[in-house]
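The file structure.tsv comes next; it holds TSV, C-alpha atoms.
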```
chain	number	residue	atom	x	y	z
A	1	MET	CA	0.00	0.00	0.00
A	2	SER	CA	1.42	3.40	-0.92
A	3	ARG	CA	1.88	6.26	1.49
A	4	ASN	CA	-0.81	8.30	-0.28
A	5	GLU	CA	-3.38	5.51	0.04
A	6	SER	CA	-2.49	5.13	3.74
A	7	GLU	CA	-3.02	8.87	4.36
A	8	VAL	CA	-6.38	8.77	2.55
A	9	ARG	CA	-7.45	5.77	4.64
A	10	GLU	CA	-6.37	7.48	7.93
A	11	ALA	CA	-8.24	10.64	6.94
A	12	GLY	CA	-11.33	8.52	6.26
A	13	VAL	CA	-11.03	6.80	9.64
A	14	ARG	CA	-10.63	10.18	11.43
A	15	ARG	CA	-13.68	11.53	9.61
A	16	THR	CA	-15.70	8.44	10.61
A	17	VAL	CA	-14.58	8.74	14.26
A	18	TRP	CA	-15.53	12.45	14.39
A	19	ARG	CA	-18.91	11.78	12.80
A	20	THR	CA	-19.56	8.97	15.27
A	21	VAL	CA	-18.57	11.17	18.24
A	22	ALA	CA	-20.80	13.99	16.93
A	23	ALA	CA	-23.71	11.55	16.51
A	24	LEU	CA	-23.21	10.23	20.06
A	25	VAL	CA	-23.11	13.76	21.51
A	26	GLY	CA	-26.25	14.63	19.53
A	27	MET	CA	-28.06	11.52	20.76
A	28	PHE	CA	-27.06	12.24	24.37
A	29	ALA	CA	-28.28	15.86	24.09
A	30	PHE	CA	-31.57	14.71	22.56
A	31	ALA	CA	-32.09	12.07	25.26
A	32	PHE	CA	-31.29	14.62	27.98
A	33	ALA	CA	-33.80	17.13	26.54
A	34	LEU	CA	-36.50	14.55	25.80
A	35	VAL	CA	-38.02	14.34	29.30
A	36	PRO	CA	-38.51	18.12	29.77
A	37	MET	CA	-39.83	18.42	26.20
A	38	TYR	CA	-42.26	15.55	26.79
A	39	ASP	CA	-43.46	17.04	30.09
A	40	ALA	CA	-43.97	20.46	28.47
A	41	PHE	CA	-45.85	18.89	25.55
A	42	CYS	CA	-48.09	16.86	27.88
A	43	ARG	CA	-48.78	19.86	30.10
A	44	LEU	CA	-49.65	22.00	27.08
A	45	THR	CA	-51.91	19.45	25.39
A	46	GLY	CA	-53.25	17.65	28.46
A	47	ILE	CA	-52.12	14.31	27.04
A	48	ASN	CA	-51.15	11.61	29.54
A	49	GLY	CA	-53.04	13.32	32.35
A	50	LYS	CA	-50.33	15.92	33.04
A	51	VAL	CA	-51.85	18.93	34.74
A	52	ASP	CA	-50.81	22.47	35.40
A	53	THR	CA	-49.65	22.88	39.00
A	54	THR	CA	-50.45	26.58	39.29
A	55	ALA	CA	-53.64	28.21	40.48
A	56	GLN	CA	-56.22	29.08	37.86
A	57	ALA	CA	-59.06	31.53	38.08
A	58	ILE	CA	-62.59	30.23	38.53
A	59	VAL	CA	-64.61	31.37	35.58
A	60	ASN	CA	-68.02	32.75	36.40
A	61	GLU	CA	-69.95	30.89	33.79
A	62	GLU	CA	-73.42	29.53	33.75
A	63	VAL	CA	-73.67	26.07	35.27
A	64	ASP	CA	-74.70	23.39	32.78
A	65	GLU	CA	-77.53	21.81	34.75
A	66	SER	CA	-78.45	19.54	31.87
A	67	ARG	CA	-75.76	17.02	32.79
A	68	MET	CA	-73.93	15.63	35.79
A	69	VAL	CA	-70.32	14.48	35.92
A	70	THR	CA	-68.85	12.18	38.55
A	71	VAL	CA	-65.46	13.27	39.89
A	72	GLN	CA	-63.48	10.55	41.67
A	73	PHE	CA	-60.50	11.13	43.95
A	74	ILE	CA	-57.76	8.51	44.24
A	75	THR	CA	-54.73	8.85	46.50
A	76	ARG	CA	-51.51	6.87	46.31
A	77	ASN	CA	-48.33	6.84	48.33
A	78	GLY	CA	-45.05	6.70	46.45
A	79	THR	CA	-42.18	4.81	48.02
A	80	GLY	CA	-39.92	6.47	50.55
A	81	LEU	CA	-42.46	8.71	52.28
A	82	PRO	CA	-44.02	7.48	55.55
A	83	TRP	CA	-47.21	9.52	55.06
A	84	ARG	CA	-50.83	8.61	54.61
A	85	MET	CA	-53.09	10.72	52.37
A	86	GLU	CA	-56.84	10.27	52.05
A	87	ALA	CA	-59.63	12.17	50.37
A	88	GLU	CA	-62.39	12.81	52.88
A	89	THR	CA	-64.87	12.39	50.03
A	90	ARG	CA	-64.11	9.66	47.48
A	91	GLN	CA	-66.36	11.09	44.76
A	92	VAL	CA	-68.74	13.93	44.04
A	93	ARG	CA	-71.29	14.55	41.34
A	94	LEU	CA	-71.48	18.03	39.93
A	95	HIS	CA	-72.55	20.04	36.92
A	96	PRO	CA	-69.97	21.46	34.51
A	97	GLY	CA	-69.37	25.08	35.53
A	98	GLN	CA	-69.98	24.29	39.21
A	99	THR	CA	-67.24	24.80	41.82
A	100	SER	CA	-66.50	22.20	44.48
A	101	GLU	CA	-64.29	21.99	47.58
A	102	ILE	CA	-62.89	18.69	48.83
A	103	TYR	CA	-60.62	18.14	51.83
A	104	PHE	CA	-57.68	15.77	51.94
A	105	THR	CA	-56.07	14.49	55.15
A	106	PHE	CA	-52.30	14.05	55.40
A	107	SER	CA	-50.64	12.29	58.31
A	108	ASN	CA	-46.98	11.62	58.99
A	109	GLN	CA	-46.71	8.03	60.25
A	110	SER	CA	-43.05	8.35	61.25
A	111	GLY	CA	-41.20	9.73	64.22
A	112	ALA	CA	-39.38	12.37	62.17
A	113	GLU	CA	-40.21	15.54	60.28
A	114	SER	CA	-40.42	15.06	56.51
A	115	TRP	CA	-41.36	16.86	53.31
A	116	GLY	CA	-43.61	15.59	50.55
A	117	ARG	CA	-45.37	16.66	47.42
A	118	ALA	CA	-48.58	15.36	45.86
A	119	VAL	CA	-48.26	14.99	42.10
A	120	PRO	CA	-51.60	15.19	40.27
A	121	SER	CA	-52.89	13.49	37.15
A	122	VAL	CA	-56.28	13.46	35.45
A	123	SER	CA	-58.07	10.84	33.44
A	124	PRO	CA	-59.41	10.66	30.86
A	125	SER	CA	-56.69	12.82	29.37
A	126	LYS	CA	-59.22	14.79	27.30
A	127	ALA	CA	-60.61	16.18	30.58
A	128	THR	CA	-57.27	17.55	31.77
A	129	ARG	CA	-57.64	21.01	30.25
A	130	HIS	CA	-61.19	21.29	31.61
A	131	VAL	CA	-60.30	20.94	35.32
A	132	ARG	CA	-59.55	24.33	36.87
A	133	LYS	CA	-57.95	24.37	40.32
A	134	THR	CA	-57.83	27.56	42.37
A	135	SER	CA	-56.52	26.02	45.56
A	136	CYS	CA	-54.63	22.75	45.80
A	137	PHE	CA	-52.11	21.18	48.15
A	138	CYS	CA	-50.39	19.97	44.96
A	139	PHE	CA	-49.20	23.51	44.15
A	140	GLU	CA	-46.41	23.36	46.73
A	141	GLU	CA	-44.36	21.06	48.90
A	142	GLN	CA	-45.78	20.15	52.31
A	143	GLN	CA	-43.96	19.67	55.58
A	144	LEU	CA	-45.25	17.48	58.37
A	145	GLN	CA	-43.74	17.09	61.81
A	146	ALA	CA	-43.47	13.65	63.41
A	147	GLY	CA	-46.99	12.26	63.92
A	148	GLU	CA	-48.62	15.45	62.58
A	149	ARG	CA	-52.00	15.32	60.82
A	150	ILE	CA	-53.40	18.15	58.66
A	151	GLU	CA	-56.35	18.78	56.37
A	152	LEU	CA	-55.85	20.69	53.14
A	153	PRO	CA	-58.45	21.76	50.57
A	154	LEU	CA	-58.78	21.25	46.86
A	155	VAL	CA	-61.03	23.85	45.23
A	156	PHE	CA	-61.80	23.12	41.60
A	157	GLN	CA	-64.26	23.66	38.79
A	158	LEU	CA	-65.13	21.60	35.75
A	159	ALA	CA	-65.37	23.82	32.69
A	160	ARG	CA	-68.67	23.95	30.82
A	161	ASP	CA	-66.89	22.93	27.63
A	162	LEU	CA	-65.96	19.54	29.11
A	163	PRO	CA	-66.54	17.10	26.21
A	164	PRO	CA	-70.07	15.66	26.42
A	165	GLU	CA	-68.82	12.06	26.21
A	166	VAL	CA	-66.95	12.52	29.51
A	167	HIS	CA	-69.20	11.30	32.32
A	168	THR	CA	-66.49	10.52	34.91
A	169	VAL	CA	-63.29	12.43	35.70
A	170	THR	CA	-60.70	10.84	37.96
A	171	LEU	CA	-58.19	12.98	39.86
A	172	VAL	CA	-55.24	10.95	41.11
A	173	TYR	CA	-52.74	12.33	43.61
A	174	THR	CA	-49.52	10.44	44.27
A	175	LEU	CA	-47.34	11.41	47.24
A	176	TYR	CA	-43.58	11.55	46.77
A	177	PRO	CA	-40.80	12.55	49.15
A	178	VAL	CA	-39.11	15.87	48.44
A	179	GLU	CA	-35.44	15.11	48.01
A	180	GLY	CA	-32.91	17.30	49.77
A	181	ARG	CA	-35.29	18.68	52.40
A	182	HIS	CA	-34.56	15.96	54.95
A	183	GLN	CA	-30.94	15.25	54.05
A	184	PRO	CA	-29.46	17.53	56.76
A	185	LEU	CA	-31.42	15.62	59.40
A	186	GLN	CA	-30.02	12.29	58.19
A	187	ALA	CA	-26.49	13.71	58.07
A	188	GLU	CA	-26.93	15.04	61.60
A	189	VAL	CA	-28.13	11.63	62.85
A	190	GLN	CA	-25.19	9.88	61.17
A	191	THR	CA	-22.77	12.37	62.74
A	192	LYS	CA	-24.26	11.83	66.20
A	193	GLN	CA	-24.10	8.03	65.76
A	194	GLY	CA	-20.43	8.37	64.72
A	195	GLU	CA	-19.69	10.44	67.85
A	196	GLU	CA	-21.36	7.82	70.10
A	197	ALA	CA	-19.31	4.98	68.62
```

Serialized structure, structure tokens:
Amino acid sequence: MSRNESEVREAGVRRTVWRTVAALVGMFAFAFALVPMYDAFCRLTGINGKVDTTAQAIVNEEVDESRMVTVQFITRNGTGLPWRMEAETRQVRLHPGQTSEIYFTFSNQSGAESWGRAVPSVSPSKATRHVRKTSCFCFEEQQLQAGERIELPLVFQLARDLPPEVHTVTLVYTLYPVEGRHQPLQAEVQTKQGEEA
């Protein structure tokens, strides 16, 4: 093989390596951006039950008394949070355009302070954009002391333009621990245990 052919082959290999590295960097950047883009898309369109976690204004519109919609409330506990959350009312029936207030009870089952957040979702997904919340515990993180029990309200309205084929709306709230809020306490406990040893 001549020196010229060898240089051409090396240049081709370098070009292939650079293209492969560029493709890998591009794929990594796309994968990194995919989750926030997906969340933003779901929040915007209401697909996959993603809901806006900011307060919305109640619209003073005429109540559609010609139909009733059942709204169900389901609560779930994610792993890692020793809390119990329950809706005081499991379901209500209301007219589109009507406002309702439901209370949820939170109790810390552990002997230590902890932070949590309730993450909402709505089904069917076509109802997501038609649920307006003015007050919700899901808008911010909650702190409970050891053994503490609190009641927090959810004030919401179903919009009049809720699709007519929707007869039941399910609001699901899943509790998750808030990372980083309780870490200093754990570090302090570990330090004290180290001092006792």

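Compared by their closest atoms to Ile150 (chain A), and using only C-alpha atoms, the residues A:Leu24, A:Met85, A:Cys136, A:Leu162 rank with A:Met85 nearest.
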
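Between Leu144 (chain A) and the residues A:Val25, A:Val63, A:Ala112, A:Val166, the shortest atom-to-atom distance, using all atoms listed in the file, involves A:Ala112.
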
Length of the CA of Gln143 (chain A) to CA of Thr75 (chain A) vector [Å]: 17.8 Å

Contacts of Glu113 (chain A) within 9 Å, only C-alpha atoms, excl. fewer than 3 positions in-chain, as number ranges by chain: A: 108, 110, 143-148, 182, 185

Selection file, C-alpha atoms, as a PDB file, keeping the file's coordinate frame:
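Listing of selection25.pdb after writing:
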```
ATOM      1  CA  ASN A 108     -46.980  11.620  58.990  1.00  0.00           C
ATOM      2  CA  SER A 110     -43.050   8.350  61.250  1.00  0.00           C
ATOM      3  CA  GLN A 143     -43.960  19.670  55.580  1.00  0.00           C
ATOM      4  CA  LEU A 144     -45.250  17.480  58.370  1.00  0.00           C
ATOM      5  CA  GLN A 145     -43.740  17.090  61.810  1.00  0.00           C
ATOM      6  CA  ALA A 146     -43.470  13.650  63.410  1.00  0.00           C
ATOM      7  CA  GLY A 147     -46.990  12.260  63.920  1.00  0.00           C
ATOM      8  CA  GLU A 148     -48.620  15.450  62.580  1.00  0.00           C
ATOM      9  CA  HIS A 182     -34.560  15.960  54.950  1.00  0.00           C
ATOM     10  CA  LEU A 185     -31.420  15.620  59.400  1.00  0.00           C
TER      11      LEU A 185
END
```

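For the pair CA of Thr89 (chain A) and CA of Thr168 (chain A), the separation is 15.3 Å.
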
Shortest interatomic distance to Thr105 (chain A) - which of A:Glu7, A:Glu65, A:Thr134, A:Pro153, counting all atoms listed in the file: A:Pro153

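If only C-alpha atoms are the atoms counted, then among A:Arg67, A:Arg132, A:Arg117, A:Arg76 the closest residue to Thr99 (chain A) is A:Arg132.
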
Spatial neighbours of Ile74 (chain A), 8 Å, all atoms listed in the file, chain gap at least 2 places, as a ChimeraX atom specification: /A:72,76,87,90,170-173

For CA of Ala127 (chain A) and CA of Asn77 (chain A), the interatomic separation in Å (one decimal): 23.5 Å

Selection as an MDAnalysis selection string: residues within 8 Å of (-65.0, 23.5, 33.9), counting all atoms listed in the file: chainID A and resid 96:98 130:132 157:162

Contacts of Val178 (chain A) within 9 Å, all atoms listed in the file, excl. fewer than 5 positions in-chain, as a PyMOL selection string: chain A and resi 81+114-117+141-142

Since the input has fewer atoms than a full residue there, write region 89-100 of chain A out with N, CA and C atoms, as a PDB file, in the coordinates of the input.
```pdb
ATOM      1  N   THR A  89     -63.750  12.777  50.882  1.00  0.00           N
ATOM      2  CA  THR A  89     -64.870  12.390  50.030  1.00  0.00           C
ATOM      3  C   THR A  89     -64.275  11.672  48.825  1.00  0.00           C
ATOM      4  N   ARG A  90     -64.693  10.454  48.563  1.00  0.00           N
ATOM      5  CA  ARG A  90     -64.110   9.660  47.480  1.00  0.00           C
ATOM      6  C   ARG A  90     -64.612  10.096  46.098  1.00  0.00           C
ATOM      7  N   GLN A  91     -65.842  10.607  46.035  1.00  0.00           N
ATOM      8  CA  GLN A  91     -66.360  11.090  44.760  1.00  0.00           C
ATOM      9  C   GLN A  91     -67.490  12.072  44.992  1.00  0.00           C
ATOM     10  N   VAL A  92     -67.644  12.964  44.022  1.00  0.00           N
ATOM     11  CA  VAL A  92     -68.740  13.930  44.040  1.00  0.00           C
ATOM     12  C   VAL A  92     -69.371  13.943  42.652  1.00  0.00           C
ATOM     13  N   ARG A  93     -70.617  14.342  42.625  1.00  0.00           N
ATOM     14  CA  ARG A  93     -71.290  14.550  41.340  1.00  0.00           C
ATOM     15  C   ARG A  93     -71.603  16.029  41.238  1.00  0.00           C
ATOM     16  N   LEU A  94     -71.225  16.614  40.105  1.00  0.00           N
ATOM     17  CA  LEU A  94     -71.480  18.030  39.930  1.00  0.00           C
ATOM     18  C   LEU A  94     -71.730  18.359  38.469  1.00  0.00           C
ATOM     19  N   HIS A  95     -72.270  19.543  38.267  1.00  0.00           N
ATOM     20  CA  HIS A  95     -72.550  20.040  36.920  1.00  0.00           C
ATOM     21  C   HIS A  95     -71.314  20.758  36.393  1.00  0.00           C
ATOM     22  N   PRO A  96     -71.037  20.645  35.094  1.00  0.00           N
ATOM     23  CA  PRO A  96     -69.970  21.460  34.510  1.00  0.00           C
ATOM     24  C   PRO A  96     -70.253  22.952  34.762  1.00  0.00           C
ATOM     25  N   GLY A  97     -69.222  23.674  35.163  1.00  0.00           N
ATOM     26  CA  GLY A  97     -69.370  25.080  35.530  1.00  0.00           C
ATOM     27  C   GLY A  97     -69.517  25.289  37.026  1.00  0.00           C
ATOM     28  N   GLN A  98     -69.795  24.218  37.758  1.00  0.00           N
ATOM     29  CA  GLN A  98     -69.980  24.290  39.210  1.00  0.00           C
ATOM     30  C   GLN A  98     -68.627  24.155  39.904  1.00  0.00           C
ATOM     31  N   THR A  99     -68.468  24.860  41.028  1.00  0.00           N
ATOM     32  CA  THR A  99     -67.240  24.800  41.820  1.00  0.00           C
ATOM     33  C   THR A  99     -67.457  23.859  42.997  1.00  0.00           C
ATOM     34  N   SER A 100     -66.400  23.131  43.367  1.00  0.00           N
ATOM     35  CA  SER A 100     -66.500  22.200  44.480  1.00  0.00           C
ATOM     36  C   SER A 100     -65.243  22.302  45.344  1.00  0.00           C
TER      37      SER A 100
END
```
